Protein chains: 2
Amino acid sequence: MKQIPYKIYLTENEIPTAWYNVRAEMKNDIAPMLHPQTLKPITFDDLEPIFCRELAKQELNNTDKYIEIPEEVRNFYKMYRPSPLVRAYCLEKALGTPAHIYYKYEGGNTSGSHKLNSAIAQAYYAKEQGLSSLTTETGAGQWGTALSMACGYFGLDLKVFMVKCSAEQKPFRRGVMETYGASVTPSPSMETEAGRRINEMYPGNTGSLGTAISEAVEVATKTENCRYALGSVMSQVMLHQTIIGLESIKAFEKIDEYPDIVIGCAGGGSNLGGLMAPFMSDRINGRHNPYFIAVEPASCPSLTRGKFGYDFCDTGHVTPLAKMYSLGNGYIPSSSHAGGLRYHGMSAILSQLYHDGFLDEARSVKQTEVFDAAVQFARVEGILPAPESAHAIRVAIDEAEKCKETGEEKVILFGLTGTGYFDMYAYMAHNRGEMKDYVPSDEELEQGFATMPNIE
Amino acid sequence: MKQIPYKIYLTENEIPTAWYNVRAEMKNDIAPMLHPQTLKPITFDDLEPIFCRELAKQELNNTDKYIEIPEEVRNFYKMYRPSPLVRAYCLEKALGTPAHIYYKYEGGNTSGSHKLNSAIAQAYYAKEQGLSSLTTETGAGQWGTALSMACGYFGLDLKVFMVKCSAEQKPFRRGVMETYGASVTPSPSMETEAGRRINEMYPGNTGSLGTAISEAVEVATKTENCRYALGSVMSQVMLHQTIIGLESIKAFEKIDEYPDIVIGCAGGGSNLGGLMAPFMSDRINGRHNPYFIAVEPASCPSLTRGKFGYDFCDTGHVTPLAKMYSLGNGYIPSSSHAGGLRYHGMSAILSQLYHDGFLDEARSVKQTEVFDAAVQFARVEGILPAPESAHAIRVAIDEAEKCKETGEEKVILFGLTGTGYFDMYAYMAHNRGEMKDYVPSDEELEQGFATMPNIE
């Protein structure tokens, strides 16, 4: 029997030349986004003042199964892709499981996560359109870092509104963005109307993604030759992230294996959908039938305890409404160390797929269990995972333990979306035994649901 | 013409199965190390109480050209090696140079540097010998992190003495080591005789590598089943690091190129020697004739302004003496952001090779120029380099600029030893324009030389 290597690499020529658009194959397409003022379905003309033209088109595209990756984007991909599909031999051995555990490792670039896959595409389209700058918001900082790298590469100015408490807690993240030439403004700032209003209403507040989005959109629409870029939730972002799943499938072909279970962490949904969508196409077309598990934090359980319905994508109600699983745009998740998973809603595409049973299962896990898995993984596999990614590791280990009981040689794939180098406060709290768990009560969830608009 | 890919990967089967021992081929072997008390040549029996048996043997081996890499070490290598040889297409384009620039990228693992190559070997030999623990010291933290990972993997206890000011400036480095199960003690501590003595003599002092070495050696020799591990300078470390150069040569064979110039940064010399030694073998055996450049900080110019002679390897005079280029064991380099290059001496092997003209040139560069190169590189190549590695980048860019003038299509290889994720204070100082240069005066160097013993 041929020995499967530790790392399965594609050649650069095998990098997919097109992203996969699952909307073209979905049984039920997503409900249209609604305009925040008129509540009418969003059109290209509504999106165009905010997003690059090409990205506005991609956002609405539900017909083209594949969308070509521009050559300049493919060339940038070659600097850090194909990312390896790794056989976790050492983890398998440590667990004593007959399961074959694989992870697709997206953390091997300076942004430290998969975010670069979409950032470089978005920056490219901005440059192609002749724009001179972009704005965005960032919380934990991976997205801001990735877009800074992409804008630095294409010579675009970038203004990042960074949630104020994150900017203070993660000064090094800000340092990386500035090294790549971005300007970083803690949000809420006094530079925008939205920021001034919030600062007046809530003096001394430390910001939120909702506020930062409002500031970034305001600057983008008021600045000449400028647009806004978003790192998750939107369909365009998930589209770009399908490079993850497409590469994974090709790598599995090389070793003649195929996953029985595909596991990803669930924040806004872009990495999860990017990993899973191409495998879902295999199911839709009857080629294979893997089982899909989304893992979310117990503190922000949009899929496991949320409601499926229209909601605003932001707290400030400046963005369109999407039909999705949501905890309510007014739901404020407890502070958690997985900043990338603290979003009240979920990608409309993944929400619909979950609603229709194509995404088989969502599972919520507690933070302390997640860090136990992260440390266990780090010690045997040598990679210090991001707290977000460690949610997927937790469930991969749980599933592998089940295989140990049953003796099944299941093939398990999970997405290792990033590294935890900028999350050391969290690891240090865990090392000291000071990490806490938080599960919202039903009453708290009801308060969140009450902030969802009542739209059929 | 066949297009050379961005990244040239070897397969796992192509990972070298033996390290290369340049001492077996050197025109003049290094002078023997001397015992710090007796000043007599060091023997195996002198080394064995401090180092693992197998490592003590390797330290003295000047006859075996190749030393087999144990299978368990090779298996660990497979988790993060072969490391890619990268064609810096984007840097070439940005510079407009006809030169072909390549870098061997050793930063793609959680320790963030090449240090893991030797750490895993040293931990393996400790485990094989039945030891239960190791001690070491760390300054900037890469070595401590790498050895923590290696000891975590093999289930060995590790006690790291971390230079106190580094432990305070880099709390996250400490956090990573603790996550991998190591115990980290800021040095000088009150746990050892050496530490208590130093604390008494210099109250409130913030430590040095010299002190941390003394503490680590003391604990190793006083603890049952325990030895001491060192991350640079020693011949055994450079031996393990030859995996870098050996892989590079194989990768160049795949694309039918060969470097005209090989560039590395010079601290204690292990990465530099590890990259260069296999290429030097090509010169010694008449196969190729590349030009070798070592790059060191102007603030710690051991090769360019040091003296070739016997000196202690540490400030506290507990370690053996080596014949090497040195600024004197009492030389205290100015604080610099490249913590890994602040060593007063240089590997005895590289010193001899430089003395004999096999290492062609040493060049010193100033910190601000180094960070200019680091940022330029980061923006086009997407990797945020460690300050140490950026010394090599500086000279690679300088050489590529020369090619632009002359029109020569030289092939330039440099070692990209690590990432700068834990060096953001330095980048932030550079971003703010607050970074300073320091070049020691001749008087300062004379004071350092005065601390070298007078031994022929």
# chains A, B, ... in the order shown; residues from 1 in each chain; ligands from 1
$ interface_residues --of "chain A" --to "chain B" --cutoff "7 Å" --atoms "only C-alpha atoms" --output "list in words"
Pro5, Tyr6, Glu12, Lys78, Met79, Gly108, Asn109, Thr110, Met149, Gly152, Tyr153, Phe172, Gly175, Thr179, Tyr180, Val375, Arg379, Val380, Gly382, Ile383, Leu384, Met424, Tyr427, Met428 and Asn431 of chain A
$ write_last_selection --atoms "N, CA and C atoms" --output "PDB file, in the first residue's frame"
ATOM      1  N   PRO A   5       1.639  10.757   2.271  1.00  0.00           N
ATOM      2  CA  PRO A   5       2.579  11.657   2.939  1.00  0.00           C
ATOM      3  C   PRO A   5       1.912  12.485   4.042  1.00  0.00           C
ATOM      4  N   TYR A   6       2.738  13.121   4.854  1.00  0.00           N
ATOM      5  CA  TYR A   6       2.213  13.997   5.899  1.00  0.00           C
ATOM      6  C   TYR A   6       1.493  15.190   5.282  1.00  0.00           C
ATOM      7  N   GLU A  12       1.657  24.239  -8.514  1.00  0.00           N
ATOM      8  CA  GLU A  12       1.054  25.546  -8.784  1.00  0.00           C
ATOM      9  C   GLU A  12       0.108  25.502  -9.986  1.00  0.00           C
ATOM     10  N   LYS A  78      -0.126  32.098  -5.861  1.00  0.00           N
ATOM     11  CA  LYS A  78       1.060  31.226  -5.957  1.00  0.00           C
ATOM     12  C   LYS A  78       2.112  31.536  -4.896  1.00  0.00           C
ATOM     13  N   MET A  79       2.031  32.735  -4.292  1.00  0.00           N
ATOM     14  CA  MET A  79       3.012  33.052  -3.260  1.00  0.00           C
ATOM     15  C   MET A  79       2.723  32.310  -1.961  1.00  0.00           C
ATOM     16  N   GLY A 108      -0.641  29.474   6.894  1.00  0.00           N
ATOM     17  CA  GLY A 108       0.767  29.635   6.538  1.00  0.00           C
ATOM     18  C   GLY A 108       1.078  30.894   5.737  1.00  0.00           C
ATOM     19  N   ASN A 109       0.434  31.979   6.044  1.00  0.00           N
ATOM     20  CA  ASN A 109       0.786  33.254   5.404  1.00  0.00           C
ATOM     21  C   ASN A 109       0.776  34.322   6.479  1.00  0.00           C
ATOM     22  N   THR A 110       1.345  35.481   6.168  1.00  0.00           N
ATOM     23  CA  THR A 110       1.554  36.490   7.208  1.00  0.00           C
ATOM     24  C   THR A 110       0.256  36.987   7.824  1.00  0.00           C
ATOM     25  N   MET A 149      -2.345  43.594   3.457  1.00  0.00           N
ATOM     26  CA  MET A 149      -1.345  42.947   2.592  1.00  0.00           C
ATOM     27  C   MET A 149      -1.762  43.081   1.129  1.00  0.00           C
ATOM     28  N   GLY A 152      -1.459  46.677  -0.025  1.00  0.00           N
ATOM     29  CA  GLY A 152      -0.039  47.001  -0.167  1.00  0.00           C
ATOM     30  C   GLY A 152       0.509  46.452  -1.475  1.00  0.00           C
ATOM     31  N   TYR A 153       0.068  45.265  -1.823  1.00  0.00           N
ATOM     32  CA  TYR A 153       0.563  44.607  -3.041  1.00  0.00           C
ATOM     33  C   TYR A 153       0.110  45.348  -4.287  1.00  0.00           C
ATOM     34  N   PHE A 172      -0.235  44.726  18.350  1.00  0.00           N
ATOM     35  CA  PHE A 172       0.666  44.161  17.336  1.00  0.00           C
ATOM     36  C   PHE A 172      -0.073  43.912  16.026  1.00  0.00           C
ATOM     37  N   GLY A 175       0.049  47.003  14.398  1.00  0.00           N
ATOM     38  CA  GLY A 175       1.407  47.210  13.878  1.00  0.00           C
ATOM     39  C   GLY A 175       1.630  46.508  12.553  1.00  0.00           C
ATOM     40  N   THR A 179       2.491  48.282   9.024  1.00  0.00           N
ATOM     41  CA  THR A 179       3.705  47.896   8.286  1.00  0.00           C
ATOM     42  C   THR A 179       3.384  47.674   6.812  1.00  0.00           C
ATOM     43  N   TYR A 180       2.179  47.171   6.545  1.00  0.00           N
ATOM     44  CA  TYR A 180       1.773  46.973   5.153  1.00  0.00           C
ATOM     45  C   TYR A 180       1.177  48.241   4.547  1.00  0.00           C
ATOM     46  N   VAL A 375      -4.552  23.065  22.604  1.00  0.00           N
ATOM     47  CA  VAL A 375      -3.244  22.760  23.200  1.00  0.00           C
ATOM     48  C   VAL A 375      -2.837  21.327  22.861  1.00  0.00           C
ATOM     49  N   ARG A 379       0.586  20.532  20.653  1.00  0.00           N
ATOM     50  CA  ARG A 379       1.722  19.756  21.170  1.00  0.00           C
ATOM     51  C   ARG A 379       2.086  18.588  20.276  1.00  0.00           C
ATOM     52  N   VAL A 380       1.121  18.012  19.588  1.00  0.00           N
ATOM     53  CA  VAL A 380       1.487  16.868  18.739  1.00  0.00           C
ATOM     54  C   VAL A 380       1.660  17.248  17.274  1.00  0.00           C
ATOM     55  N   GLY A 382       2.332  20.450  16.207  1.00  0.00           N
ATOM     56  CA  GLY A 382       3.338  21.502  16.037  1.00  0.00           C
ATOM     57  C   GLY A 382       2.808  22.852  15.594  1.00  0.00           C
ATOM     58  N   ILE A 383       1.528  22.957  15.312  1.00  0.00           N
ATOM     59  CA  ILE A 383       0.963  24.243  14.880  1.00  0.00           C
ATOM     60  C   ILE A 383       0.100  24.811  15.998  1.00  0.00           C
ATOM     61  N   LEU A 384       0.334  26.079  16.335  1.00  0.00           N
ATOM     62  CA  LEU A 384      -0.477  26.738  17.350  1.00  0.00           C
ATOM     63  C   LEU A 384      -1.707  27.321  16.660  1.00  0.00           C
ATOM     64  N   MET A 424      -2.265  35.263  22.143  1.00  0.00           N
ATOM     65  CA  MET A 424      -1.571  34.657  23.269  1.00  0.00           C
ATOM     66  C   MET A 424      -2.198  34.999  24.617  1.00  0.00           C
ATOM     67  N   TYR A 427      -4.419  32.090  25.221  1.00  0.00           N
ATOM     68  CA  TYR A 427      -3.687  30.884  25.622  1.00  0.00           C
ATOM     69  C   TYR A 427      -3.135  31.026  27.039  1.00  0.00           C
ATOM     70  N   MET A 428      -2.647  32.225  27.354  1.00  0.00           N
ATOM     71  CA  MET A 428      -2.064  32.416  28.685  1.00  0.00           C
ATOM     72  C   MET A 428      -3.145  32.297  29.768  1.00  0.00           C
ATOM     73  N   ASN A 431      -3.668  28.647  30.066  1.00  0.00           N
ATOM     74  CA  ASN A 431      -2.548  28.014  30.781  1.00  0.00           C
ATOM     75  C   ASN A 431      -2.667  28.217  32.292  1.00  0.00           C
TER      76      ASN A 431
END
$ residues_around --residues "Met276 (chain B)" --least-positions-apart "4" --cutoff "12 Å" --atoms "only C-alpha atoms" --output "ChimeraX atom specification"
/B:20-22,104,238-239,241-249,259,261-266,269-272,280-283,289-294,349-350,353-354,358-360,413-415
$ residues_around --residues "Thr17 (chain A)" --least-positions-apart "6" --cutoff "9 Å" --atoms "only C-alpha atoms" --output "list in words"
Ile67, Glu68, Ile69, Pro70, Glu71 and Arg74 of chain A
$ residues_around --residues "region 232-234 of chain A" --least-positions-apart "5" --cutoff "8 Å" --atoms "only C-alpha atoms" --output "JSON, numbers by chain"
{"A": [59, 268, 269, 270, 346, 347, 348]}
$ select_by_dssp --residues "region 240-382 of chain A" --states "alpha helix (DSSP H)" --output "PyMOL selection string"
chain A and resi 240-255+270-284+302-305+348-355+367-381
$ select_by_dssp --residues "region 82-166 of chain B" --states "strand (DSSP E or B)" --output "PyMOL selection string"
chain B and resi 85-87+100-105+113+133-138+157-163
$ decode --residues "region 85-193 of chain B" --atoms "C-alpha atoms" --output "PDB file, in the first residue's frame"
ATOM      1  CA  LEU B  85      12.691  27.282  -1.826  1.00  0.00           C
ATOM      2  CA  VAL B  86      10.862  30.366  -3.067  1.00  0.00           C
ATOM      3  CA  ARG B  87      11.507  32.287  -6.258  1.00  0.00           C
ATOM      4  CA  ALA B  88      10.985  35.943  -5.325  1.00  0.00           C
ATOM      5  CA  TYR B  89       9.297  36.891  -8.588  1.00  0.00           C
ATOM      6  CA  CYS B  90       7.464  39.827  -7.025  1.00  0.00           C
ATOM      7  CA  LEU B  91      10.595  41.230  -5.427  1.00  0.00           C
ATOM      8  CA  GLU B  92      12.497  40.893  -8.705  1.00  0.00           C
ATOM      9  CA  LYS B  93       9.713  42.768 -10.486  1.00  0.00           C
ATOM     10  CA  ALA B  94       9.590  45.497  -7.853  1.00  0.00           C
ATOM     11  CA  LEU B  95      13.354  45.962  -8.132  1.00  0.00           C
ATOM     12  CA  GLY B  96      13.399  45.676 -11.911  1.00  0.00           C
ATOM     13  CA  THR B  97      16.417  43.430 -11.640  1.00  0.00           C
ATOM     14  CA  PRO B  98      17.527  40.744 -14.085  1.00  0.00           C
ATOM     15  CA  ALA B  99      18.786  38.723 -11.114  1.00  0.00           C
ATOM     16  CA  HIS B 100      16.967  35.557 -10.077  1.00  0.00           C
ATOM     17  CA  ILE B 101      16.310  35.869  -6.372  1.00  0.00           C
ATOM     18  CA  TYR B 102      15.531  32.819  -4.260  1.00  0.00           C
ATOM     19  CA  TYR B 103      14.999  32.356  -0.569  1.00  0.00           C
ATOM     20  CA  LYS B 104      14.851  29.265   1.552  1.00  0.00           C
ATOM     21  CA  TYR B 105      11.945  29.923   3.907  1.00  0.00           C
ATOM     22  CA  GLU B 106      12.366  28.445   7.389  1.00  0.00           C
ATOM     23  CA  GLY B 107       9.651  30.474   9.155  1.00  0.00           C
ATOM     24  CA  GLY B 108       6.649  28.315   8.319  1.00  0.00           C
ATOM     25  CA  ASN B 109       6.384  26.557  11.654  1.00  0.00           C
ATOM     26  CA  THR B 110       5.037  27.640  15.023  1.00  0.00           C
ATOM     27  CA  SER B 111       8.468  28.350  16.492  1.00  0.00           C
ATOM     28  CA  GLY B 112       8.725  30.853  13.636  1.00  0.00           C
ATOM     29  CA  SER B 113      12.306  30.015  12.735  1.00  0.00           C
ATOM     30  CA  HIS B 114      14.880  27.432  11.679  1.00  0.00           C
ATOM     31  CA  LYS B 115      15.635  26.659  15.330  1.00  0.00           C
ATOM     32  CA  LEU B 116      13.272  23.686  15.300  1.00  0.00           C
ATOM     33  CA  ASN B 117      15.672  21.780  13.005  1.00  0.00           C
ATOM     34  CA  SER B 118      18.143  21.338  15.844  1.00  0.00           C
ATOM     35  CA  ALA B 119      15.668  21.415  18.735  1.00  0.00           C
ATOM     36  CA  ILE B 120      13.901  18.269  17.605  1.00  0.00           C
ATOM     37  CA  ALA B 121      17.223  16.461  17.140  1.00  0.00           C
ATOM     38  CA  GLN B 122      18.457  17.454  20.584  1.00  0.00           C
ATOM     39  CA  ALA B 123      15.175  16.455  22.253  1.00  0.00           C
ATOM     40  CA  TYR B 124      15.229  13.143  20.404  1.00  0.00           C
ATOM     41  CA  TYR B 125      18.729  12.244  21.618  1.00  0.00           C
ATOM     42  CA  ALA B 126      17.711  13.213  25.153  1.00  0.00           C
ATOM     43  CA  LYS B 127      14.714  10.916  25.013  1.00  0.00           C
ATOM     44  CA  GLU B 128      16.792   8.106  23.480  1.00  0.00           C
ATOM     45  CA  GLN B 129      19.258   8.385  26.337  1.00  0.00           C
ATOM     46  CA  GLY B 130      16.401   8.000  28.804  1.00  0.00           C
ATOM     47  CA  LEU B 131      16.635  11.513  30.172  1.00  0.00           C
ATOM     48  CA  SER B 132      13.556  13.070  31.699  1.00  0.00           C
ATOM     49  CA  SER B 133      14.323  16.736  31.278  1.00  0.00           C
ATOM     50  CA  LEU B 134      16.373  19.433  29.572  1.00  0.00           C
ATOM     51  CA  THR B 135      17.335  22.977  30.448  1.00  0.00           C
ATOM     52  CA  THR B 136      18.187  25.823  28.172  1.00  0.00           C
ATOM     53  CA  GLU B 137      18.344  29.594  27.915  1.00  0.00           C
ATOM     54  CA  THR B 138      16.649  31.876  25.451  1.00  0.00           C
ATOM     55  CA  GLY B 139      16.957  35.525  24.558  1.00  0.00           C
ATOM     56  CA  ALA B 140      14.740  36.625  21.713  1.00  0.00           C
ATOM     57  CA  GLY B 141      12.738  33.455  22.285  1.00  0.00           C
ATOM     58  CA  GLN B 142      12.878  31.523  19.005  1.00  0.00           C
ATOM     59  CA  TRP B 143      15.139  28.858  20.428  1.00  0.00           C
ATOM     60  CA  GLY B 144      13.133  28.505  23.627  1.00  0.00           C
ATOM     61  CA  THR B 145       9.955  28.139  21.603  1.00  0.00           C
ATOM     62  CA  ALA B 146      11.472  25.553  19.291  1.00  0.00           C
ATOM     63  CA  LEU B 147      12.860  23.463  22.157  1.00  0.00           C
ATOM     64  CA  SER B 148       9.518  23.724  23.980  1.00  0.00           C
ATOM     65  CA  MET B 149       7.780  22.294  20.937  1.00  0.00           C
ATOM     66  CA  ALA B 150      10.348  19.516  20.629  1.00  0.00           C
ATOM     67  CA  CYS B 151      10.198  18.592  24.320  1.00  0.00           C
ATOM     68  CA  GLY B 152       6.398  18.724  24.252  1.00  0.00           C
ATOM     69  CA  TYR B 153       6.452  16.286  21.360  1.00  0.00           C
ATOM     70  CA  PHE B 154       8.759  13.794  23.077  1.00  0.00           C
ATOM     71  CA  GLY B 155       7.250  14.214  26.542  1.00  0.00           C
ATOM     72  CA  LEU B 156      10.340  15.740  28.160  1.00  0.00           C
ATOM     73  CA  ASP B 157      10.213  18.399  30.846  1.00  0.00           C
ATOM     74  CA  LEU B 158      11.925  21.621  29.880  1.00  0.00           C
ATOM     75  CA  LYS B 159      13.106  24.480  32.028  1.00  0.00           C
ATOM     76  CA  VAL B 160      13.876  27.657  30.089  1.00  0.00           C
ATOM     77  CA  PHE B 161      15.853  30.524  31.586  1.00  0.00           C
ATOM     78  CA  MET B 162      14.690  33.535  29.630  1.00  0.00           C
ATOM     79  CA  VAL B 163      16.708  36.750  29.769  1.00  0.00           C
ATOM     80  CA  LYS B 164      14.630  38.869  32.148  1.00  0.00           C
ATOM     81  CA  CYS B 165      14.230  41.924  29.929  1.00  0.00           C
ATOM     82  CA  SER B 166      13.131  39.694  27.024  1.00  0.00           C
ATOM     83  CA  ALA B 167      10.627  37.884  29.243  1.00  0.00           C
ATOM     84  CA  GLU B 168       9.165  41.259  30.115  1.00  0.00           C
ATOM     85  CA  GLN B 169       9.266  42.673  26.583  1.00  0.00           C
ATOM     86  CA  LYS B 170       7.960  39.515  24.952  1.00  0.00           C
ATOM     87  CA  PRO B 171       5.326  38.042  27.258  1.00  0.00           C
ATOM     88  CA  PHE B 172       3.703  36.256  24.316  1.00  0.00           C
ATOM     89  CA  ARG B 173       6.879  34.335  23.531  1.00  0.00           C
ATOM     90  CA  ARG B 174       6.768  33.104  27.091  1.00  0.00           C
ATOM     91  CA  GLY B 175       3.091  32.260  26.608  1.00  0.00           C
ATOM     92  CA  VAL B 176       3.856  30.076  23.600  1.00  0.00           C
ATOM     93  CA  MET B 177       6.562  28.178  25.485  1.00  0.00           C
ATOM     94  CA  GLU B 178       4.229  27.562  28.417  1.00  0.00           C
ATOM     95  CA  THR B 179       1.501  26.408  26.058  1.00  0.00           C
ATOM     96  CA  TYR B 180       3.921  23.725  24.890  1.00  0.00           C
ATOM     97  CA  GLY B 181       4.437  22.718  28.498  1.00  0.00           C
ATOM     98  CA  ALA B 182       7.771  24.344  29.275  1.00  0.00           C
ATOM     99  CA  SER B 183       8.465  26.129  32.549  1.00  0.00           C
ATOM    100  CA  VAL B 184       9.919  29.581  31.961  1.00  0.00           C
ATOM    101  CA  THR B 185      12.031  31.377  34.562  1.00  0.00           C
ATOM    102  CA  PRO B 186      13.177  34.966  34.038  1.00  0.00           C
ATOM    103  CA  SER B 187      16.935  35.121  34.502  1.00  0.00           C
ATOM    104  CA  PRO B 188      18.737  36.023  36.711  1.00  0.00           C
ATOM    105  CA  SER B 189      16.500  34.133  39.115  1.00  0.00           C
ATOM    106  CA  MET B 190      16.835  33.281  42.786  1.00  0.00           C
ATOM    107  CA  GLU B 191      16.627  29.540  41.974  1.00  0.00           C
ATOM    108  CA  THR B 192      20.306  28.986  41.226  1.00  0.00           C
ATOM    109  CA  GLU B 193      23.586  29.889  42.878  1.00  0.00           C
TER     110      GLU B 193
END
